[in-house]
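In what follows, a structure is listed as structure tokens, so that the remarks can point back to it.
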Amino acid sequence: MSVGQVKVRLGDVSHINYGYTAKASFEINGPKFLRITDIQNGRVCWDTVPSCPVSEDDYIKHQLKEDDIVFARTGATTGKSYQIKSPPNSVAASYLIRLRLYDQSILPSFVSYFFQTLDYWNVVNAGTTGSAQGGFNASKLSGLLLPKLPLPEQKRIVAILDEAFEGIDKAIANTEKNITNARELFESYLNNIFTQKSEEWIETQLENICSIKHGFAFKSKFFAKEGDYVLLTPGSFYESGGYREQRKKTKYYVGEIPEGYILKKGDFLFAMTEQAVGLLGSSLIVPESNCFLHNQRLGLVQVANDIEWNNDFFFHQFNTKRFRAAVQESASGLKVRHTSPKKLGAVSICFPPTKAEQEAVADKLNRLWVETQRIKVVFRQKLMDLAELKQSLLQKAFSGELTSDNKVIAFPVSKTAKEADPLTPEFTAKILAFAYHRHALKNRQNTFGHVKAQKTLHLVESIGGVELGRKPIKDAAGPNDFQHMLNAEAWAKENQFFEFVSRSEGKGYDFKKLLRYDELMAGVFATIKPYQKRVERVIDLIIPKKSRETELIATVYAAWNNLILDGCEITDKAIIREARENWHADKMKIPVTEFQQAIRFIRDKGIIPDGKAKRVGGQENLF
């Protein structure tokens, strides 16, 4: 039966009641008092839910039981629902509605999934009434139409969605963890810079290198929704520092402006009041001249004439945990915390004595920060894609299109970094993904096909000294162990990591990301960490090179290494003869000059073979 042919009112198949009105308390030993805020990310941590005083009669009336569904009826989360599982003694708070099905032909889990569909949310959003708080009351919930299917069909849909959503939820959790890891990695590096500093750095108090000027108390009667000058406020700062556009909340000023309070590009400001958690001590660098005003509660840094000062360097230092903690410790105020120029000036700082040294540190931090932001954007897009995937499955489920053939497969989780073995297809696949990643950073991903991938593996073994278990032979495209790379590709494709696909025009293959690329890519860096410097060095050598140039470098290197292993005299002629005439018939089509260029490259880069790399055998090694 197609979903939608038969519908029932929720009020005709369930008891719908408002929650219990009481005061939450962590002091008493009563039933748990479930509130809207206790439902986070589809879960309830009952250990953190408060209790409430309730009479025996009221407890019986409002008690939460297995498979009840609670529904937020007001506020920003109106429509959010949660299916109760294994509850302790508990009641729902008054801003929740409790739904309890009495029609045994309808599964609570089926209803719970329906409460996640776009059709459901469209009805809730259209029916929300009230002012700022909004609301969707019990009467409206009772009138909501639910598709009714035969019980076996409901069970089938719920089973498929349960399995699919388990895999998606794991991917969401991993992605959210990866976002956290990216942020923590940058913060760790940032804090290490300023705690493991050079002995030559200067340590002093902020007041010894600059003064901090108070802003002007601009009169509110001249505030406007548009104008030539933007009034900066603490809301103009991100909690982690930097200028935040206020958009609709932007305050313009159209009154007379006293001299000295129009800011210039590059001016450095502190937020001296905690308008929101995390803002106190936050800093920003003014992005443009002659359009921003220095408002009260903001401190303008005025650097002493004899001090070397790089804005980016000090911006990063003022975002360290140590500096922010010192600002918080010195602040005053109960409801809203404040600091002052004098208190900020007493905070200890450290810095290299020259601007050039400061710039060098800042450049490293800026590059890492940009890469961190890029990774976070990728993972946030992944979260959006996973949310869309959920909606797609729900749409199929409630339109009669969902079958076991089109559900999401829960893929096996990759090994951890500690378990990763360089001799496995997984490790090789991650080397290839890392190589593609570094090519993409330089906008050279279009050069990373099968040939470059295979030569990457050979050079990682030969120059990087990372044993991958390859048995290379003399092939038309240079040293090659095709089966070894095929095994890695098979692992990558099976785990929805990546694959190489035939180019639509011309010969060759392109690297293609698959569904779990971003999820698995996060683990690549941990896996190869013990080998990262060696691997990076090899990959960075060939990023600027085309496939043919890379193939010749790998071939010449292997031929040169073979000659050393054979105890032969090493001359350019001998290397070219081994790499061109004694390699593969196809090599004779390549001009001698290109082999000479490869030899010069190897010498210039200081990667001359020493005979420690593997011998590359002839085609007979295949038999």
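Letters A, B, ... mark the chains of the structure tokens in the order given; residue numbers begin at 1 per chain; ligand numbers begin at 1, in order shown.
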
Under the rule of at most 10 Å, produce a per-residue listing of stretch 90-194 of chain A near stretch 58-71 of chain A: chain, number, name, the closest pair of atoms, and the distance in Å, as JSON lines, using only C-alpha atoms.
{"residue": "A:Ser90", "atom": "CA", "partner": "A:Leu64", "partner_atom": "CA", "distance": 5.7}
{"residue": "A:Val91", "atom": "CA", "partner": "A:Gln63", "partner_atom": "CA", "distance": 4.7}
{"residue": "A:Ala92", "atom": "CA", "partner": "A:Leu64", "partner_atom": "CA", "distance": 6.9}
{"residue": "A:Ala93", "atom": "CA", "partner": "A:His62", "partner_atom": "CA", "distance": 9.1}
{"residue": "A:Tyr95", "atom": "CA", "partner": "A:Phe71", "partner_atom": "CA", "distance": 8.5}
{"residue": "A:Leu96", "atom": "CA", "partner": "A:Phe71", "partner_atom": "CA", "distance": 5.4}
{"residue": "A:Ile97", "atom": "CA", "partner": "A:Phe71", "partner_atom": "CA", "distance": 5.0}
{"residue": "A:Arg98", "atom": "CA", "partner": "A:Val70", "partner_atom": "CA", "distance": 4.5}
{"residue": "A:Leu99", "atom": "CA", "partner": "A:Ile69", "partner_atom": "CA", "distance": 5.1}
{"residue": "A:Arg100", "atom": "CA", "partner": "A:Asp68", "partner_atom": "CA", "distance": 5.0}
{"residue": "A:Leu101", "atom": "CA", "partner": "A:Asp68", "partner_atom": "CA", "distance": 7.5}
{"residue": "A:Leu107", "atom": "CA", "partner": "A:Asp67", "partner_atom": "CA", "distance": 9.1}
{"residue": "A:Pro108", "atom": "CA", "partner": "A:Asp67", "partner_atom": "CA", "distance": 6.0}
{"residue": "A:Ser109", "atom": "CA", "partner": "A:Asp67", "partner_atom": "CA", "distance": 7.7}
{"residue": "A:Val111", "atom": "CA", "partner": "A:Ile69", "partner_atom": "CA", "distance": 8.7}
{"residue": "A:Ser112", "atom": "CA", "partner": "A:Ile69", "partner_atom": "CA", "distance": 7.2}
{"residue": "A:Phe115", "atom": "CA", "partner": "A:Phe71", "partner_atom": "CA", "distance": 9.3}
{"residue": "A:Phe136", "atom": "CA", "partner": "A:Phe71", "partner_atom": "CA", "distance": 9.4}
{"residue": "A:Asn137", "atom": "CA", "partner": "A:Phe71", "partner_atom": "CA", "distance": 9.7}
{"residue": "A:Ala138", "atom": "CA", "partner": "A:Phe71", "partner_atom": "CA", "distance": 9.5}
{"residue": "A:Leu141", "atom": "CA", "partner": "A:Phe71", "partner_atom": "CA", "distance": 9.1}

(request) If you run DSSP over the backbone, which residues in stretch 423-500 of chain A end up alpha helix (DSSP H)? Put them as a ChimeraX atom specification. (result) /A:425-441,450-462,482-494

Exercise for the section: Name the residues in contact with stretch 546-555 of chain A at a cut-off of 8 Å, using only C-alpha atoms, excluding same-chain residues fewer than 5 positions from it; report them as a list in words. Expected result: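 With the cut-off at 8 Å, the set is Thr447, Phe448, Gly449, Val451, Lys452, Lys455, His458, Leu459, Ala477, Gly478, Pro479, Ala579, Glu594, Phe595, Ala598, Ile599, Phe601 and Ile602 of chain A.
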
>> Give me, as a list of chain:residue names, all polymer residues having an atom no more than 12 Å from A:Asp119, counting only C-alpha atoms and skipping those fewer than 2 positions away in the same chain.
In response: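 That gives A:Gly4, A:Tyr113, A:Phe114, A:Phe115, A:Gln116, A:Thr117, A:Trp121, A:Asn122, A:Val123, A:Val124, A:Asn125, A:Ala126, A:Leu144, A:Leu145, A:Leu146, A:Pro147, A:Gln391, A:Leu394, A:Gln395, A:Phe398, A:Ser399.
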
Excluding A:Leu298 and residues on its chain fewer than 6 positions from it, collect all residues at most 9 Å away from it, counting only C-alpha atoms, and give them as a PDB file with N, CA, C and O atoms, in the first residue's frame.
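Once written, part_10.pdb looks like this:
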ATOM      1  N   LYS A 213      43.608  52.775  24.879  1.00  0.00           N
ATOM      2  CA  LYS A 213      42.740  53.955  24.932  1.00  0.00           C
ATOM      3  C   LYS A 213      41.270  53.565  24.976  1.00  0.00           C
ATOM      4  O   LYS A 213      40.813  52.736  24.187  1.00  0.00           O
ATOM      5  N   HIS A 214      40.519  54.150  25.906  1.00  0.00           N
ATOM      6  CA  HIS A 214      39.068  53.950  25.992  1.00  0.00           C
ATOM      7  C   HIS A 214      38.364  54.518  24.770  1.00  0.00           C
ATOM      8  O   HIS A 214      38.812  55.518  24.185  1.00  0.00           O
ATOM      9  N   GLY A 215      37.239  53.903  24.406  1.00  0.00           N
ATOM     10  CA  GLY A 215      36.413  54.439  23.336  1.00  0.00           C
ATOM     11  C   GLY A 215      35.515  55.564  23.826  1.00  0.00           C
ATOM     12  O   GLY A 215      35.470  55.875  25.013  1.00  0.00           O
ATOM     13  N   PHE A 216      34.774  56.149  22.901  1.00  0.00           N
ATOM     14  CA  PHE A 216      33.899  57.290  23.200  1.00  0.00           C
ATOM     15  C   PHE A 216      32.464  56.802  23.404  1.00  0.00           C
ATOM     16  O   PHE A 216      32.010  55.872  22.726  1.00  0.00           O
ATOM     17  N   LEU A 232      31.362  50.227  16.216  1.00  0.00           N
ATOM     18  CA  LEU A 232      31.806  48.919  16.697  1.00  0.00           C
ATOM     19  C   LEU A 232      31.336  48.699  18.126  1.00  0.00           C
ATOM     20  O   LEU A 232      31.345  49.621  18.948  1.00  0.00           O
ATOM     21  N   THR A 233      30.929  47.478  18.427  1.00  0.00           N
ATOM     22  CA  THR A 233      30.488  47.076  19.767  1.00  0.00           C
ATOM     23  C   THR A 233      31.146  45.736  20.085  1.00  0.00           C
ATOM     24  O   THR A 233      31.747  45.112  19.197  1.00  0.00           O
ATOM     25  N   PRO A 234      31.048  45.242  21.323  1.00  0.00           N
ATOM     26  CA  PRO A 234      31.573  43.894  21.594  1.00  0.00           C
ATOM     27  C   PRO A 234      30.968  42.824  20.684  1.00  0.00           C
ATOM     28  O   PRO A 234      31.605  41.806  20.410  1.00  0.00           O
ATOM     29  N   LEU A 269      42.028  46.408  18.440  1.00  0.00           N
ATOM     30  CA  LEU A 269      41.069  46.675  19.507  1.00  0.00           C
ATOM     31  C   LEU A 269      40.847  45.456  20.392  1.00  0.00           C
ATOM     32  O   LEU A 269      40.910  44.313  19.927  1.00  0.00           O
ATOM     33  N   PHE A 270      40.546  45.723  21.675  1.00  0.00           N
ATOM     34  CA  PHE A 270      40.107  44.704  22.628  1.00  0.00           C
ATOM     35  C   PHE A 270      38.647  44.944  23.007  1.00  0.00           C
ATOM     36  O   PHE A 270      38.214  46.093  23.149  1.00  0.00           O
ATOM     37  N   ALA A 271      37.899  43.855  23.211  1.00  0.00           N
ATOM     38  CA  ALA A 271      36.578  43.940  23.834  1.00  0.00           C
ATOM     39  C   ALA A 271      36.782  43.905  25.339  1.00  0.00           C
ATOM     40  O   ALA A 271      37.352  42.948  25.865  1.00  0.00           O
ATOM     41  N   MET A 272      36.319  44.952  26.049  1.00  0.00           N
ATOM     42  CA  MET A 272      36.591  45.051  27.481  1.00  0.00           C
ATOM     43  C   MET A 272      35.372  44.746  28.339  1.00  0.00           C
ATOM     44  O   MET A 272      35.393  44.939  29.552  1.00  0.00           O
ATOM     45  N   THR A 273      34.315  44.227  27.700  1.00  0.00           N
ATOM     46  CA  THR A 273      33.141  43.786  28.462  1.00  0.00           C
ATOM     47  C   THR A 273      32.634  42.483  27.857  1.00  0.00           C
ATOM     48  O   THR A 273      32.748  42.266  26.649  1.00  0.00           O
TER      49      THR A 273
END
